[in-house]
Structures are given as structure tokens and as C-alpha cells.
$ cat query30.txt   # compact mmCIF, C-alpha atoms
# COMPACT_ATOMS: atom_id res chain seq x y z
CA MET A 25 0.00 0.00 0.00
CA THR A 26 1.41 3.35 -1.03
CA VAL A 27 0.31 6.80 0.06
CA ASP A 28 0.19 10.13 -1.72
CA SER A 29 -1.00 13.39 -0.21
CA THR A 30 -2.98 16.32 -1.57
CA MET A 31 -4.80 19.21 0.03
CA SER A 32 -8.33 20.26 -0.85
CA SER A 33 -9.79 23.60 0.21
CA GLY A 34 -13.15 23.18 -1.49
CA TYR A 35 -14.29 19.92 0.08
CA CYS A 36 -17.66 20.23 1.81
CA SER A 37 -17.71 18.78 5.31
CA LEU A 38 -20.20 18.57 8.14
CA ASP A 39 -17.99 20.20 10.74
CA ASP A 40 -20.19 23.28 11.06
CA ASP A 41 -23.24 21.09 11.70
CA LEU A 42 -21.67 18.83 14.29
CA GLU A 43 -21.13 21.30 17.12
CA ASP A 44 -22.29 18.77 19.70
CA CYS A 45 -19.21 16.57 19.26
CA PHE A 46 -16.78 16.20 22.15
CA PHE A 47 -13.21 17.51 22.20
CA THR A 48 -12.85 19.95 19.34
CA ALA A 49 -10.60 22.93 18.90
CA LYS A 50 -13.48 24.96 17.48
CA THR A 51 -16.53 23.97 19.46
CA SER A 52 -17.60 23.20 22.99
CA PHE A 53 -16.83 20.08 24.97
CA PHE A 54 -20.47 19.99 25.94
CA ARG A 55 -23.36 18.94 23.77
CA ASN A 56 -25.36 21.78 22.29
CA LEU A 57 -28.85 21.45 23.75
CA GLN A 58 -30.34 24.24 21.69
CA SER A 59 -32.62 23.22 18.86
CA LYS A 60 -31.31 23.83 15.38
CA THR A 61 -32.90 24.24 12.00
CA PRO A 62 -32.74 20.87 10.22
CA SER A 63 -29.83 20.79 7.81
CA LYS A 64 -29.53 19.04 4.50
CA ASN A 65 -26.21 17.70 5.71
CA VAL A 66 -27.10 15.03 8.24
CA CYS A 67 -25.60 11.83 9.49
CA LYS A 68 -27.82 8.80 9.16
CA THR A 69 -27.42 5.10 9.69
CA VAL A 70 -27.57 3.26 6.41
CA GLU A 71 -28.68 -0.34 6.31
CA GLU A 72 -26.19 -2.32 4.29
CA LYS A 73 -27.38 -5.11 2.02
CA THR A 74 -25.43 -8.34 1.73
CA PRO A 75 -22.95 -7.71 -1.11
CA HIS A 76 -23.12 -9.84 -4.22
CA ILE A 77 -19.93 -11.86 -4.79
CA LEU A 78 -18.66 -10.97 -8.24
CA THR A 79 -17.35 -13.53 -10.67
CA LEU A 80 -14.03 -12.97 -12.43
CA LYS A 81 -15.91 -12.02 -15.59
CA GLU A 82 -18.04 -9.48 -13.69
CA ILE A 83 -14.96 -7.99 -12.02
CA LYS A 84 -13.25 -7.55 -15.40
CA GLN A 85 -16.37 -5.90 -16.85
CA LYS A 86 -16.68 -3.51 -13.93
CA ILE A 87 -12.98 -2.61 -14.05
CA ASP A 88 -13.29 -1.85 -17.78
CA ILE A 89 -16.29 0.40 -17.09
CA TYR A 90 -14.51 2.03 -14.14
CA ASN A 91 -11.36 2.77 -16.16
CA SER A 92 -13.41 4.23 -19.01
CA LYS A 93 -14.87 6.77 -16.57
CA GLU A 94 -11.65 7.52 -14.66
CA LYS A 95 -10.13 10.73 -16.06
CA ASN A 96 -7.04 11.10 -13.82
CA CYS A 97 -5.03 8.05 -14.93
CA LEU A 98 -5.88 6.34 -11.65
CA GLY A 99 -7.47 3.23 -13.10
CA MET A 100 -7.63 -0.26 -11.64
CA LYS A 101 -5.54 -3.25 -12.75
CA LEU A 102 -6.76 -6.83 -12.67
CA SER A 103 -4.40 -9.69 -11.76
CA ASP A 104 -4.60 -13.26 -13.01
CA ASP A 105 -5.75 -14.50 -9.60
CA GLY A 106 -8.85 -12.26 -9.64
CA THR A 107 -7.53 -9.61 -7.27
CA TYR A 108 -7.04 -6.07 -8.46
CA THR A 109 -5.29 -2.88 -7.42
CA GLY A 110 -6.31 0.76 -7.57
CA PHE A 111 -6.51 4.08 -5.76
CA ILE A 112 -8.79 5.50 -3.10
CA LYS A 113 -8.83 8.96 -1.54
CA VAL A 114 -9.42 9.38 2.18
CA HIS A 115 -10.57 12.69 3.66
CA LEU A 116 -9.16 13.31 7.14
CA LYS A 117 -11.84 14.76 9.40
CA LEU A 118 -10.20 14.44 12.82
CA ARG A 119 -11.47 16.87 15.42
CA ARG A 120 -9.11 15.80 18.22
CA PRO A 121 -5.33 16.19 18.35
CA VAL A 122 -3.18 13.22 17.40
CA THR A 123 -0.04 12.05 19.21
CA VAL A 124 3.24 11.93 17.29
CA PRO A 125 6.92 11.48 18.23
CA ALA A 126 8.68 14.71 19.20
CA GLY A 127 12.05 15.90 17.97
CA ILE A 128 12.70 13.47 15.11
CA ARG A 129 13.92 14.24 11.61
CA PRO A 130 11.53 14.28 8.62
CA ARG A 131 10.87 10.99 6.86
CA SER A 132 13.29 10.43 3.94
CA ILE A 133 12.94 8.37 0.76
CA TYR A 134 15.30 5.81 2.29
CA ASP A 135 13.02 5.51 5.32
CA ALA A 136 10.02 4.96 3.07
CA VAL A 137 11.75 2.30 0.95
CA LYS A 138 13.25 0.48 3.93
CA GLU A 139 10.06 0.99 5.99
CA VAL A 140 12.02 2.51 8.86
CA ASN A 141 9.79 3.17 11.88
CA LEU A 142 10.95 6.61 13.01
CA ALA A 143 8.38 6.66 15.82
CA ALA A 144 10.30 3.89 17.55
CA THR A 145 13.48 5.99 17.72
CA THR A 146 12.26 8.21 20.59
CA ASP A 147 9.98 8.04 23.59
CA LYS A 148 9.14 11.75 23.46
CA ARG A 149 5.61 12.60 22.38
CA THR A 150 3.69 15.71 21.35
CA SER A 151 0.18 16.44 20.12
CA PHE A 152 -1.15 18.55 17.28
CA TYR A 153 -4.23 18.92 15.08
CA LEU A 154 -4.23 17.57 11.53
CA PRO A 155 -5.78 19.95 8.96
CA LEU A 156 -9.47 19.22 8.43
CA ASP A 157 -9.17 19.62 4.65
CA ALA A 158 -6.39 17.08 4.14
CA ILE A 159 -6.82 14.27 1.61
CA LYS A 160 -4.61 11.19 1.37
CA GLN A 161 -4.45 9.08 -1.75
CA LEU A 162 -3.73 5.39 -1.21
CA HIS A 163 -2.74 2.69 -3.67
CA ILE A 164 -4.25 -0.53 -2.34
CA SER A 165 -5.48 -3.94 -3.47
CA SER A 166 -8.93 -5.47 -3.42
CA THR A 167 -7.89 -7.50 -0.37
CA THR A 168 -6.72 -4.50 1.67
CA THR A 169 -9.01 -4.12 4.68
CA VAL A 170 -10.26 -1.02 6.48
CA SER A 171 -8.01 -1.91 9.41
CA GLU A 172 -4.95 -1.92 7.12
CA VAL A 173 -5.98 1.38 5.55
CA ILE A 174 -6.26 3.05 8.97
CA GLN A 175 -2.89 1.67 10.09
CA GLY A 176 -1.29 2.83 6.83
CA LEU A 177 -2.61 6.36 7.26
CA LEU A 178 -1.41 6.57 10.87
CA LYS A 179 2.02 5.27 9.86
CA LYS A 180 2.26 7.88 7.10
CA PHE A 181 1.73 10.67 9.65
CA MET A 182 3.81 8.84 12.30
CA VAL A 183 0.76 8.90 14.59
CA VAL A 184 1.35 6.65 17.60
CA ASP A 185 -2.23 6.64 18.86
CA ASN A 186 -4.09 3.35 19.11
CA PRO A 187 -5.68 2.58 15.69
CA GLN A 188 -8.87 1.64 17.52
CA LYS A 189 -9.38 5.35 18.23
CA PHE A 190 -10.17 5.84 14.54
CA ALA A 191 -12.79 4.58 12.12
CA LEU A 192 -13.25 4.74 8.37
CA PHE A 193 -16.61 5.92 7.08
CA LYS A 194 -18.11 5.88 3.64
CA GLN A 195 -19.89 9.09 2.69
CA THR A 196 -22.76 9.08 0.21
CA HIS A 197 -25.45 11.51 -0.90
CA LYS A 198 -29.19 10.85 -1.10
CA ASP A 199 -32.12 13.24 -1.52
CA GLY A 200 -29.90 16.24 -0.81
CA GLN A 201 -28.55 14.73 2.39
CA VAL A 202 -25.03 13.62 3.29
CA LEU A 203 -25.03 10.13 4.77
CA PHE A 204 -22.21 8.51 6.74
CA GLN A 205 -21.80 4.81 7.43
CA LYS A 206 -19.06 3.36 9.60
CA LEU A 207 -17.24 0.54 7.82
CA SER A 208 -16.27 -2.72 9.47
CA ILE A 209 -12.53 -3.23 9.96
CA THR A 210 -12.79 -6.27 7.66
CA ASP A 211 -14.42 -4.39 4.78
CA CYS A 212 -12.34 -3.82 1.65
CA PRO A 213 -12.60 -0.19 0.50
CA LEU A 214 -11.39 -0.83 -3.05
CA ASN A 215 -14.32 -3.19 -3.61
CA LEU A 216 -16.70 -0.39 -2.61
CA ARG A 217 -14.83 2.03 -4.87
CA LEU A 218 -15.18 -0.34 -7.83
CA LEU A 219 -18.92 -0.86 -7.30
CA ALA A 220 -19.59 2.87 -6.87
CA GLY A 221 -17.38 4.03 -9.74
CA PRO A 222 -14.70 6.75 -9.68
CA ASP A 223 -17.04 9.67 -8.90
CA THR A 224 -16.26 10.83 -5.35
CA ASP A 225 -19.59 12.68 -5.23
CA VAL A 226 -21.26 9.27 -5.33
CA LEU A 227 -19.01 7.72 -2.68
CA SER A 228 -16.02 8.95 -0.71
CA PHE A 229 -14.06 7.74 2.32
CA VAL A 230 -13.63 9.74 5.53
CA LEU A 231 -11.34 9.02 8.49
CA LYS A 232 -12.90 10.17 11.76
CA GLU A 233 -12.68 9.44 15.46
CA ASN A 234 -14.23 6.15 16.49
CA GLU A 235 -17.14 7.51 18.51
CA THR A 236 -18.66 4.85 20.77
CA GLY A 237 -21.04 7.10 22.70
CA GLU A 238 -18.81 7.19 25.80
CA VAL A 239 -15.40 8.76 26.30
CA GLU A 240 -12.70 6.18 26.99
CA TRP A 241 -10.35 8.33 29.05
CA ASP A 242 -7.78 5.56 29.48
CA ALA A 243 -7.15 5.58 25.75
CA PHE A 244 -5.69 9.12 25.86
CA SER A 245 -2.16 10.09 26.69
CA ILE A 246 -1.21 12.65 29.38
CA PRO A 247 -0.39 15.38 26.78
CA GLU A 248 -3.78 14.83 25.16
CA LEU A 249 -5.64 15.13 28.46
CA GLN A 250 -3.69 18.27 29.36
CA ASN A 251 -4.55 19.72 25.97
CA PHE A 252 -8.24 18.96 26.51
CA LEU A 253 -8.15 20.78 29.86
CA THR A 254 -6.55 23.82 28.24
CA ILE A 255 -9.26 23.89 25.56
CA LEU A 256 -11.99 23.42 28.17
CA GLU A 257 -10.70 26.31 30.28
CA LYS A 258 -10.53 28.60 27.27
CA GLU A 259 -14.04 27.68 26.16
CA GLU A 260 -15.32 28.21 29.70
CA GLN A 261 -13.93 31.75 29.73
CA ASP A 262 -15.37 32.42 26.28
CA LYS A 263 -18.81 31.29 27.43
CA ILE A 264 -18.63 33.44 30.57
CA GLN A 265 -17.73 36.49 28.51
CA GLN A 266 -20.55 35.80 26.05
CA VAL A 267 -23.11 35.61 28.88
CA GLN A 268 -21.74 38.77 30.49
CA ARG A 269 -21.95 40.70 27.21
CA LYS A 270 -25.48 39.45 26.62
CA TYR A 271 -26.79 40.61 30.00
CA ASP A 272 -24.85 43.87 29.84
CA LYS A 273 -26.79 44.67 26.66
CA PHE A 274 -30.07 43.72 28.33
CA LYS A 275 -29.26 45.91 31.33
CA GLN A 276 -28.28 48.83 29.13
CA ARG A 277 -31.50 48.55 27.13
CA LEU A 278 -33.67 48.35 30.26
CA GLU A 279 -31.98 51.41 31.75
CA GLU A 280 -32.63 53.34 28.53
CA LEU A 281 -36.32 52.35 28.61
CA LEU A 282 -36.61 53.40 32.27
CA ARG A 283 -35.04 56.79 31.55
CA ASP A 284 -37.39 57.32 28.64
CA ALA A 285 -40.39 56.35 30.76
CA GLN A 286 -39.36 58.68 33.60
CA GLY A 287 -38.88 61.57 31.23
CA LYS A 288 -42.37 61.33 29.80
CA PRO A 289 -45.19 63.34 31.45
CA GLY A 290 -47.56 61.18 33.51
$ encode --input "query30.txt" --output "C-alpha cells"
Amino acid sequence: MTVDSTMSSGYCSLDDDLEDCFFTAKTSFFRNLQSKTPSKNVCKTVEEKTPHILTLKEIKQKIDIYNSKEKNCLGMKLSDDGTYTGFIKVHLKLRRPVTVPAGIRPRSIYDAVKEVNLAATTDKRTSFYLPLDAIKQLHISSTTTVSEVIQGLLKKFMVVDNPQKFALFKQTHKDGQVLFQKLSITDCPLNLRLLAGPDTDVLSFVLKENETGEVEWDAFSIPELQNFLTILEKEEQDKIQQVQRKYDKFKQRLEELLRDAQGKPG
């Protein structure tokens, strides 16, 4: 599996509509209890049908159709044993900081060829946020699983967090809505790419945090927890200032109304 990186500034995400998520650099730690106007961009659970097992002839036909539609020279290649290789793009939508080794040199071509694990050369760790608009292009086979894709992405960024913290989702569109479905770690993304075709508006892959409904504090490192506390304290002060400004305006308006009322003849 090989990895290439690109950056996209025009990709439409749901970040602005998911303000009730925990642990973000932009939003509150607490769930937003205020009602919101329903958005066209929503996250729904999609029931997955049992996939049809393709014959070798069907695979070849679909690859031919796929390659005829692919305009960026990123077609798929079929092997004699029925497996095939191709490319997928993964959008990184991580709202929490990731943990990486601190104080190591950049990864060289030699390191990539020899598969040198630079993360193992130091015990020092630091945390930072990956850009929300990052896209990684992966060259994988039809037997590459979701678990292997996640591990490959983390290795590319030298992220030392537990891979179980992350999940790969497929993103589709239906009736003007954006739908997300969490993929099983045994699913094979290239199979889904082949069936959907090369159009990323029809299907795309998104790497996100593996939300289980409860926060597993033991899974976070000390630097991560300290970073969360810093964010929480800042957001707390921001909220206090917002409330103070709100009631200062109310008080000012009431005082103006009282002065006007007192100045009028009875």
C-alpha cells in the first residue's frame, strides 16, 4: 500500500453542523442542547445489504467500465488471480489532536523504501491537530481491509495513537442529504470504490474518530488530556464572557427604557 498526499480547500464537510461533538478545537466540549434548523447535511445510519460476490468475468467488466470513466489516470488493474489494485482517496476529518513522536527528523525516501519506523526511535511525544481539509491518496489492493488502511494512514503521519481510536466511514449523498456509514474493519474499500465508480460525489471515504457514545479516558495520553483541559478552560472563559456581554446589553436597554419612561409626562 502506497500513500500520496494532496490538500483540498473546497471539500464540503459537516464540521459546522456537528457542534455537539466532544473535544474539538473549534466547538464546545459539551453537547449543544439548543434546537437547530434541520440541515440538509445530516448523518444517518444506512442499512447495508449483503454484497453480491462478483465472478471474475463481472470484475473484469466492472474494471473496464470504471477505467473508461476515470479521467485522472488512476485506473484499476486486474491480476490473473482475480484480485485487483487501484486508488482511493481518504478525507481526514479528525477533530481531536493526534499524538506523534517529538524531535525526530523528517521521513526520507530511504526511510520509506526500507520501511524505517521513526516513531520507535524516541519516547518523546507531542500532540497537534491535523488539517481538516487534508486528503490522502492510497494505492491498495482489493484485499486491503479497512483496518490496514487506517494503520497505513497513521504510519504515514507517524501517529502513535491506538488505531482503535479511529474509524473509516463511507460518505454518500441521497435526496440532498449527506449520509455517513461506519465501515467494518474487515471491509475492503477498493471493492466499494469499484462498485460505486470513480465519482467521489457518489461515494467517498472519511477518516474520523471512532465515537462509541462514551469517552474512553484511558485511551488518551497525558499530553492529550492536558490539551483537553486547556481547551476546556478557554471555552469556559469564552462562554462566561458571552453571557456577560449578553446581560450587559439587556441591562443597558432596560436602563434606557426606564429613563425614557421617567422623562415622559404622567
$ atom_distance --input "query30.txt" --atom1 "CA of Arg149 (chain A)" --atom2 "CA of Pro125 (chain A)"
4.5 Å
$ atom_distance --input "query30.txt" --atom1 "CA of Phe152 (chain A)" --atom2 "CA of Thr168 (chain A)"
28.4 Å
$ atom_distance --input "query30.txt" --atom1 "CA of Leu116 (chain A)" --atom2 "CA of Lys232 (chain A)"
6.7 Å
$ residues_near_point --input "query30.txt" --point "(-21.0, 2.2, 13.5)" --cutoff "9 Å" --atoms "all atoms listed in the file" --output "list in words"
Thr69, Ala191, Phe193, Gln205, Lys206, Leu207, Ser208, Asn234, Glu235 and Thr236 of chain A
$ closest_residue --input "query30.txt" --among "A:Ala158, A:Val202, A:Leu78, A:Leu218" --to "Ile112 (chain A)" --atoms "all atoms listed in the file"
A:Leu218
$ residues_around --input "query30.txt" --residues "Ile87 (chain A)" --least-positions-apart "4" --cutoff "12 Å" --atoms "only C-alpha atoms" --output "PyMOL selection string"
chain A and resi 78+80-83+91-94+98-103+106-110+166+214-215+217-222
$ closest_residue --input "query30.txt" --among "A:Asp104, A:Pro247, A:Leu192, A:Gln265" --to "Lys148 (chain A)" --atoms "only C-alpha atoms"
A:Pro247
$ closest_residue --input "query30.txt" --among "A:Pro121, A:Leu178, A:Gln195, A:Ser245" --to "Asp225 (chain A)" --atoms "all atoms listed in the file"
A:Gln195
$ build_atoms --input "query30.txt" --residues "region 147-158 of chain A" --atoms "all heavy atoms" --output "short mmCIF file (atom, residue, chain, number, x, y, z; two decimals), keeping the file's coordinate frame"
data_model
loop_
_atom_site.label_atom_id
_atom_site.label_comp_id
_atom_site.auth_asym_id
_atom_site.auth_seq_id
_atom_site.Cartn_x
_atom_site.Cartn_y
_atom_site.Cartn_z
N ASP A 147 11.12 8.21 22.70
CA ASP A 147 9.98 8.04 23.59
C ASP A 147 9.23 9.35 23.82
O ASP A 147 8.19 9.37 24.48
CB ASP A 147 10.43 7.49 24.95
CG ASP A 147 10.97 6.08 24.84
OD1 ASP A 147 10.49 5.33 23.96
OD2 ASP A 147 11.87 5.71 25.63
N LYS A 148 9.77 10.45 23.29
CA LYS A 148 9.14 11.75 23.46
C LYS A 148 7.91 11.86 22.58
O LYS A 148 7.90 11.38 21.45
CB LYS A 148 10.13 12.87 23.13
CG LYS A 148 11.34 12.93 24.05
CD LYS A 148 12.26 14.07 23.66
CE LYS A 148 13.48 14.14 24.59
NZ LYS A 148 14.37 15.25 24.20
N ARG A 149 6.87 12.48 23.10
CA ARG A 149 5.61 12.60 22.38
C ARG A 149 5.10 14.04 22.43
O ARG A 149 5.37 14.79 23.36
CB ARG A 149 4.54 11.68 22.99
CG ARG A 149 4.90 10.18 22.92
CD ARG A 149 4.84 9.68 21.49
NE ARG A 149 5.10 8.26 21.39
CZ ARG A 149 6.27 7.73 21.03
NH1 ARG A 149 7.29 8.55 20.76
NH2 ARG A 149 6.42 6.43 20.91
N THR A 150 4.36 14.42 21.39
CA THR A 150 3.69 15.71 21.35
C THR A 150 2.38 15.53 20.63
O THR A 150 2.15 14.51 19.98
CB THR A 150 4.56 16.77 20.64
OG1 THR A 150 3.94 18.05 20.77
CG2 THR A 150 4.71 16.44 19.16
N SER A 151 1.50 16.52 20.75
CA SER A 151 0.18 16.44 20.12
C SER A 151 -0.05 17.65 19.23
O SER A 151 0.41 18.75 19.53
CB SER A 151 -0.93 16.36 21.18
OG SER A 151 -0.80 15.19 21.96
N PHE A 152 -0.78 17.44 18.14
CA PHE A 152 -1.15 18.55 17.28
C PHE A 152 -2.39 18.15 16.48
O PHE A 152 -2.77 16.97 16.43
CB PHE A 152 -0.01 18.95 16.34
CG PHE A 152 0.21 17.99 15.19
CD1 PHE A 152 -0.29 18.28 13.93
CD2 PHE A 152 0.91 16.81 15.38
CE1 PHE A 152 -0.09 17.40 12.88
CE2 PHE A 152 1.11 15.93 14.32
CZ PHE A 152 0.61 16.23 13.07
N TYR A 153 -3.02 19.15 15.86
CA TYR A 153 -4.23 18.92 15.08
C TYR A 153 -3.86 18.77 13.60
O TYR A 153 -3.14 19.58 13.04
CB TYR A 153 -5.21 20.08 15.22
CG TYR A 153 -5.89 20.14 16.56
CD1 TYR A 153 -5.31 20.83 17.62
CD2 TYR A 153 -7.11 19.53 16.77
CE1 TYR A 153 -5.93 20.89 18.86
CE2 TYR A 153 -7.75 19.59 18.00
CZ TYR A 153 -7.14 20.28 19.04
OH TYR A 153 -7.77 20.34 20.26
N LEU A 154 -4.39 17.72 12.97
CA LEU A 154 -4.23 17.57 11.53
C LEU A 154 -5.22 18.51 10.84
O LEU A 154 -6.31 18.77 11.35
CB LEU A 154 -4.52 16.14 11.11
CG LEU A 154 -3.49 15.08 11.54
CD1 LEU A 154 -3.98 13.68 11.18
CD2 LEU A 154 -2.15 15.34 10.87
N PRO A 155 -4.85 19.05 9.67
CA PRO A 155 -5.78 19.95 8.96
C PRO A 155 -7.05 19.21 8.55
O PRO A 155 -6.99 18.06 8.08
CB PRO A 155 -4.97 20.40 7.73
CG PRO A 155 -3.90 19.36 7.57
CD PRO A 155 -3.58 18.88 8.95
N LEU A 156 -8.19 19.87 8.72
CA LEU A 156 -9.47 19.22 8.43
C LEU A 156 -9.69 19.02 6.93
O LEU A 156 -10.56 18.25 6.53
CB LEU A 156 -10.62 20.05 9.01
CG LEU A 156 -10.81 19.95 10.52
CD1 LEU A 156 -11.90 20.92 10.97
CD2 LEU A 156 -11.19 18.54 10.93
N ASP A 157 -8.95 19.73 6.09
CA ASP A 157 -9.17 19.62 4.65
C ASP A 157 -8.14 18.73 3.97
O ASP A 157 -7.98 18.77 2.76
CB ASP A 157 -9.18 21.00 4.01
CG ASP A 157 -7.88 21.76 4.26
OD1 ASP A 157 -7.03 21.25 5.01
OD2 ASP A 157 -7.71 22.86 3.70
N ALA A 158 -7.43 17.92 4.72
CA ALA A 158 -6.39 17.08 4.14
C ALA A 158 -7.01 15.86 3.45
O ALA A 158 -8.00 15.30 3.90
CB ALA A 158 -5.41 16.62 5.21
#
